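Structure, as structure tokens:
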Amino acid sequence: MEFVIPLCRPWRDFQEATLIVKEGGALVVGRTGGGFDERSMAVEDVADLVTPYMRLYDWLGNETGRVLGVEYRGAAGSVLEWLRAHISFIDEAGASWGKIIDGVGPFSVRRFLKRVYMPYSGHALTLTYVAYPFPDAVVAADNKGRTMAIGSVVVEWGGVRVASAGLRTLAGAFLLAQAAPELLPELKELKKILEEFVTRFVSTSACQ
């Protein structure tokens with residue numbers, strides 16, 4: 001369980017930093033005048049930094065839930081309480097998506113994309129691959145199942161596999177939506193949602 005946020009700007013004595021929030025606290029990693037550094041911090045000390053991105057993922061959760069028939073319930077309270085609630089949503093949405101993709105049957109997809117975005121990686125919310133999408137990458141998926149989707153969605157960059165997600169996961173759904181939105185109406189909707197999410201991130205973040 002992690003929430004990864006690249007800040008893409010100076011923060012305190014970091015020239016550029018990435019914030020990682022997880023159980024047990026927060027970690028800030030990045031460049032300082034003396035080189036690379038990482039520092040542990042209390043989550044409460046970075047709550048103001050995290051809040052705009054929590055709202056961003058609230059929007060993504062609401063829109064994704066609408067498409068997949070799952071109610072998004074963002075938790076009030078601390079950052080960690082909110083993060084736990086969003087992780088639960090990932091599981092619920094993934095289960096709903098799994099039932100949808102199970103009905104498609106065997107298929108094979110391989111498509112070149114100028115940019116590949118990845119807002120989720122397993123149980124991690126990661127804005128790293130939204131701020132820095134994989135450029136000129138190939139997204140490939142092979143579903144070998146007839147009654148249940150079996151396989152994964154893979155991102156290949158420069159001939160090397162750099163990311164993957166199960167076909168029946170929410171992370172896999174967003175990757176497949178970029179490569180093959182024609183497979184399902186839900187994928188078309190998820191592709192539109194992801195595009196708007198990226199636009200909203202750019203307006204929120206210092207990352208360009």
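Naming works like this for the structure tokens: A, B, ... for the chains as they're shown, residue 1 at the start of each chain, ligands 1 onward in shown order.
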
Open item on the list: Could you pull out the strand (DSSP E) residues of segment 92-135 of chain A, going by DSSP on the backbone, and write them as JSON, numbers by chain?
Closed with: {"A": [107, 108, 109, 110, 111, 112, 113, 114, 115, 116, 120, 121, 124, 125, 126, 134, 135]}

Using only C-alpha atoms, which residues of segment 92-180 of chain A come within 12 Å of segment 57-66 of chain A, and what is the closest atom pair for each, with the distance in Å to one decimal? Give it as a Markdown table, sorted by chain and residue number.
| residue | atom | partner | partner_atom | distance |
| --- | --- | --- | --- | --- |
| A:Glu92 | CA | A:Gly65 | CA | 9.1 |
| A:Ala93 | CA | A:Gly65 | CA | 6.6 |
| A:Gly94 | CA | A:Gly65 | CA | 10.1 |
| A:Ala95 | CA | A:Gly65 | CA | 11.5 |
| A:Ser96 | CA | A:Gly65 | CA | 9.3 |
| A:Trp97 | CA | A:Gly65 | CA | 10.0 |
| A:Pro119 | CA | A:Tyr57 | CA | 9.1 |
| A:Tyr120 | CA | A:Tyr57 | CA | 10.4 |
| A:Ala124 | CA | A:Tyr57 | CA | 11.9 |
| A:Leu125 | CA | A:Tyr57 | CA | 8.5 |
| A:Thr126 | CA | A:Tyr57 | CA | 10.3 |
| A:Leu127 | CA | A:Tyr57 | CA | 10.0 |
| A:Leu170 | CA | A:Thr64 | CA | 9.4 |
| A:Ala171 | CA | A:Thr64 | CA | 11.7 |
| A:Ala173 | CA | A:Thr64 | CA | 10.4 |
| A:Phe174 | CA | A:Thr64 | CA | 9.9 |

Resulting file, chosen residues, N, CA and C atoms, as a PDB file, in the first residue's frame:
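Final output, part-v7.pdb:
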ATOM      1  N   GLU A  92     -12.475  -3.755  -4.952  1.00  0.00           N
ATOM      2  CA  GLU A  92     -13.871  -3.873  -5.369  1.00  0.00           C
ATOM      3  C   GLU A  92     -14.026  -3.605  -6.862  1.00  0.00           C
ATOM      4  N   ALA A  93     -13.373  -2.553  -7.329  1.00  0.00           N
ATOM      5  CA  ALA A  93     -13.463  -2.213  -8.744  1.00  0.00           C
ATOM      6  C   ALA A  93     -12.813  -3.291  -9.596  1.00  0.00           C
ATOM      7  N   GLY A  94     -11.695  -3.842  -9.111  1.00  0.00           N
ATOM      8  CA  GLY A  94     -11.033  -4.915  -9.840  1.00  0.00           C
ATOM      9  C   GLY A  94     -11.909  -6.147  -9.962  1.00  0.00           C
ATOM     10  N   ALA A  95     -12.633  -6.476  -8.889  1.00  0.00           N
ATOM     11  CA  ALA A  95     -13.533  -7.631  -8.933  1.00  0.00           C
ATOM     12  C   ALA A  95     -14.647  -7.411  -9.951  1.00  0.00           C
ATOM     13  N   SER A  96     -15.188  -6.200  -9.992  1.00  0.00           N
ATOM     14  CA  SER A  96     -16.239  -5.895 -10.962  1.00  0.00           C
ATOM     15  C   SER A  96     -15.699  -5.933 -12.390  1.00  0.00           C
ATOM     16  N   TRP A  97     -14.523  -5.345 -12.584  1.00  0.00           N
ATOM     17  CA  TRP A  97     -13.897  -5.361 -13.895  1.00  0.00           C
ATOM     18  C   TRP A  97     -13.590  -6.793 -14.337  1.00  0.00           C
ATOM     19  N   PRO A 119      -1.906   4.882 -13.635  1.00  0.00           N
ATOM     20  CA  PRO A 119      -2.223   5.511 -12.346  1.00  0.00           C
ATOM     21  C   PRO A 119      -2.234   4.543 -11.171  1.00  0.00           C
ATOM     22  N   TYR A 120      -2.306   3.244 -11.465  1.00  0.00           N
ATOM     23  CA  TYR A 120      -2.279   2.226 -10.423  1.00  0.00           C
ATOM     24  C   TYR A 120      -1.242   1.170 -10.775  1.00  0.00           C
ATOM     25  N   ALA A 124      -0.757   0.079  -5.264  1.00  0.00           N
ATOM     26  CA  ALA A 124      -0.100   1.382  -5.163  1.00  0.00           C
ATOM     27  C   ALA A 124      -0.800   2.389  -6.062  1.00  0.00           C
ATOM     28  N   LEU A 125      -1.004   3.576  -5.524  1.00  0.00           N
ATOM     29  CA  LEU A 125      -1.447   4.711  -6.327  1.00  0.00           C
ATOM     30  C   LEU A 125      -0.167   5.417  -6.732  1.00  0.00           C
ATOM     31  N   THR A 126       0.138   5.410  -8.010  1.00  0.00           N
ATOM     32  CA  THR A 126       1.422   5.974  -8.423  1.00  0.00           C
ATOM     33  C   THR A 126       1.228   7.042  -9.493  1.00  0.00           C
ATOM     34  N   LEU A 127       1.617   8.241  -9.143  1.00  0.00           N
ATOM     35  CA  LEU A 127       1.569   9.334 -10.115  1.00  0.00           C
ATOM     36  C   LEU A 127       2.872   9.460 -10.890  1.00  0.00           C
ATOM     37  N   LEU A 170      -7.617  -3.632 -11.813  1.00  0.00           N
ATOM     38  CA  LEU A 170      -7.923  -2.261 -12.224  1.00  0.00           C
ATOM     39  C   LEU A 170      -6.754  -1.650 -12.977  1.00  0.00           C
ATOM     40  N   ALA A 171      -5.533  -1.940 -12.544  1.00  0.00           N
ATOM     41  CA  ALA A 171      -4.360  -1.446 -13.265  1.00  0.00           C
ATOM     42  C   ALA A 171      -4.349  -1.987 -14.691  1.00  0.00           C
ATOM     43  N   ALA A 173      -6.950  -2.896 -16.414  1.00  0.00           N
ATOM     44  CA  ALA A 173      -8.051  -2.276 -17.156  1.00  0.00           C
ATOM     45  C   ALA A 173      -7.621  -0.946 -17.762  1.00  0.00           C
ATOM     46  N   PHE A 174      -6.895  -0.133 -16.991  1.00  0.00           N
ATOM     47  CA  PHE A 174      -6.470   1.164 -17.519  1.00  0.00           C
ATOM     48  C   PHE A 174      -5.411   1.015 -18.604  1.00  0.00           C
TER      49      PHE A 174
END

- [ ] List the neighbours of Leu27 of chain A out to 10 Å using only C-alpha atoms; skip same-chain residues closer than 4 positions along the sequence, and give me the result as JSON, numbers by chain.
- [x] {"A": [4, 18, 19, 20, 21, 22, 38, 39, 40, 41, 42, 43, 46]}

Would you export the selected residues with C-alpha atoms as a PDB file, in the first residue's frame, please?
ATOM      1  CA  VAL A   4       3.665   7.843  -4.763  1.00  0.00           C
ATOM      2  CA  THR A  18       9.176  12.245  -4.743  1.00  0.00           C
ATOM      3  CA  LEU A  19       6.891  11.668  -1.798  1.00  0.00           C
ATOM      4  CA  ILE A  20       5.921   8.119  -0.801  1.00  0.00           C
ATOM      5  CA  VAL A  21       3.141   7.673   1.755  1.00  0.00           C
ATOM      6  CA  LYS A  22       2.621   4.223   3.273  1.00  0.00           C
ATOM      7  CA  GLU A  38      15.922  10.117   1.471  1.00  0.00           C
ATOM      8  CA  ARG A  39      14.233  11.137   4.689  1.00  0.00           C
ATOM      9  CA  SER A  40      11.489   9.661   6.809  1.00  0.00           C
ATOM     10  CA  MET A  41       8.729  11.990   7.937  1.00  0.00           C
ATOM     11  CA  ALA A  42       5.433  11.805   9.769  1.00  0.00           C
ATOM     12  CA  VAL A  43       2.469  11.610   7.408  1.00  0.00           C
ATOM     13  CA  VAL A  46       3.168  16.199   4.447  1.00  0.00           C
TER      14      VAL A  46
END

Task: Distance of atom CA of Ser205 of chain A from atom CA of Arg9 of chain A, expressed in Å to one decimal place - done: 9.2 Å

Task: Residue neighbourhood Val109 of chain A, 7 Å, only C-alpha atoms, exclusion window fewer than 5 positions, as an MDAnalysis selection string - done: chainID A and resid 140:142

Keeping N, CA and C atoms for every residue in the selection just given, could you write it to a file as a short mmCIF file (atom, residue, chain, number, x, y, z; two decimals), in the first residue's frame?
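See again11.cif below for the written result:
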data_model
loop_
_atom_site.label_atom_id
_atom_site.label_comp_id
_atom_site.auth_asym_id
_atom_site.auth_seq_id
_atom_site.Cartn_x
_atom_site.Cartn_y
_atom_site.Cartn_z
N ALA A 140 0.88 -4.83 -24.80
CA ALA A 140 0.48 -6.13 -25.33
C ALA A 140 -0.33 -6.87 -24.29
N ALA A 141 -1.37 -7.57 -24.75
CA ALA A 141 -2.20 -8.37 -23.86
C ALA A 141 -2.64 -9.63 -24.59
N ASP A 142 -2.58 -10.75 -23.90
CA ASP A 142 -3.05 -12.02 -24.44
C ASP A 142 -3.98 -12.65 -23.43
#

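Using only C-alpha atoms, the nearest neighbour of Ser121 of chain A within the list A:Ala137, A:Leu175, A:Leu194, A:Leu184 is A:Leu175.
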
Open item on the list: Please identify the alpha helix (DSSP H) residues within segment 49-152 of chain A (assignment by DSSP from backbone atoms) and present them as a ChimeraX atom specification.
Closed with: /A:49-68,79-102,128-131

Save the residues we just selected, C-alpha atoms, as a PDB file, in the first residue's frame?
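Produced file out28.pdb, reproduced below:
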ATOM      1  CA  LEU A  49       1.176  18.280  -0.018  1.00  0.00           C
ATOM      2  CA  VAL A  50      -0.866  15.114  -0.376  1.00  0.00           C
ATOM      3  CA  THR A  51      -4.390  16.562  -0.126  1.00  0.00           C
ATOM      4  CA  PRO A  52      -4.730  17.900  -3.710  1.00  0.00           C
ATOM      5  CA  TYR A  53      -3.725  14.484  -5.052  1.00  0.00           C
ATOM      6  CA  MET A  54      -6.179  12.724  -2.740  1.00  0.00           C
ATOM      7  CA  ARG A  55      -8.927  14.840  -4.287  1.00  0.00           C
ATOM      8  CA  LEU A  56      -7.606  13.917  -7.735  1.00  0.00           C
ATOM      9  CA  TYR A  57      -7.890  10.206  -6.945  1.00  0.00           C
ATOM     10  CA  ASP A  58     -11.318  10.789  -5.402  1.00  0.00           C
ATOM     11  CA  TRP A  59     -12.419  12.055  -8.797  1.00  0.00           C
ATOM     12  CA  LEU A  60     -10.841   9.060 -10.518  1.00  0.00           C
ATOM     13  CA  GLY A  61     -12.505   6.687  -8.066  1.00  0.00           C
ATOM     14  CA  ASN A  62     -15.942   8.239  -8.534  1.00  0.00           C
ATOM     15  CA  GLU A  63     -15.722   8.148 -12.324  1.00  0.00           C
ATOM     16  CA  THR A  64     -14.260   4.645 -12.448  1.00  0.00           C
ATOM     17  CA  GLY A  65     -16.846   3.359 -10.009  1.00  0.00           C
ATOM     18  CA  ARG A  66     -19.628   4.805 -12.154  1.00  0.00           C
ATOM     19  CA  VAL A  67     -18.385   2.864 -15.189  1.00  0.00           C
ATOM     20  CA  LEU A  68     -17.771  -0.390 -13.334  1.00  0.00           C
ATOM     21  CA  VAL A  79      -4.293  10.450   4.920  1.00  0.00           C
ATOM     22  CA  LEU A  80      -3.709   6.813   5.878  1.00  0.00           C
ATOM     23  CA  GLU A  81      -7.417   6.216   6.518  1.00  0.00           C
ATOM     24  CA  TRP A  82      -8.174   7.670   3.119  1.00  0.00           C
ATOM     25  CA  LEU A  83      -5.468   5.531   1.514  1.00  0.00           C
ATOM     26  CA  ARG A  84      -6.813   2.331   3.088  1.00  0.00           C
ATOM     27  CA  ALA A  85     -10.287   3.161   1.784  1.00  0.00           C
ATOM     28  CA  HIS A  86      -8.953   3.744  -1.713  1.00  0.00           C
ATOM     29  CA  ILE A  87      -7.086   0.429  -1.638  1.00  0.00           C
ATOM     30  CA  SER A  88     -10.383  -1.273  -0.737  1.00  0.00           C
ATOM     31  CA  PHE A  89     -11.963   0.430  -3.731  1.00  0.00           C
ATOM     32  CA  ILE A  90      -9.206  -0.895  -6.001  1.00  0.00           C
ATOM     33  CA  ASP A  91     -10.117  -4.422  -4.914  1.00  0.00           C
ATOM     34  CA  GLU A  92     -13.871  -3.873  -5.369  1.00  0.00           C
ATOM     35  CA  ALA A  93     -13.463  -2.213  -8.744  1.00  0.00           C
ATOM     36  CA  GLY A  94     -11.033  -4.915  -9.840  1.00  0.00           C
ATOM     37  CA  ALA A  95     -13.533  -7.631  -8.933  1.00  0.00           C
ATOM     38  CA  SER A  96     -16.239  -5.895 -10.962  1.00  0.00           C
ATOM     39  CA  TRP A  97     -13.897  -5.361 -13.895  1.00  0.00           C
ATOM     40  CA  GLY A  98     -12.842  -9.023 -13.742  1.00  0.00           C
ATOM     41  CA  LYS A  99     -16.436 -10.130 -14.315  1.00  0.00           C
ATOM     42  CA  ILE A 100     -16.705  -7.771 -17.284  1.00  0.00           C
ATOM     43  CA  ILE A 101     -13.488  -8.840 -19.018  1.00  0.00           C
ATOM     44  CA  ASP A 102     -14.265 -12.524 -18.370  1.00  0.00           C
ATOM     45  CA  THR A 128       5.106   8.637 -11.305  1.00  0.00           C
ATOM     46  CA  TYR A 129       3.814   7.087 -14.542  1.00  0.00           C
ATOM     47  CA  VAL A 130       1.317   9.899 -14.966  1.00  0.00           C
ATOM     48  CA  ALA A 131       3.953  12.601 -14.596  1.00  0.00           C
TER      49      ALA A 131
END

- [ ] Can you work out which one of A:Asn143, A:Gly103, A:Tyr117, A:Gly151 has the shortest atom-to-atom distance to Glu195 of chain A, counting only C-alpha atoms?
- [x] A:Tyr117

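Restricting the calculation to only C-alpha atoms, the smallest distance between Gly122 of chain A and any of A:Ala163, A:Leu183, A:Cys8, A:Ala149 is found for A:Ala163.
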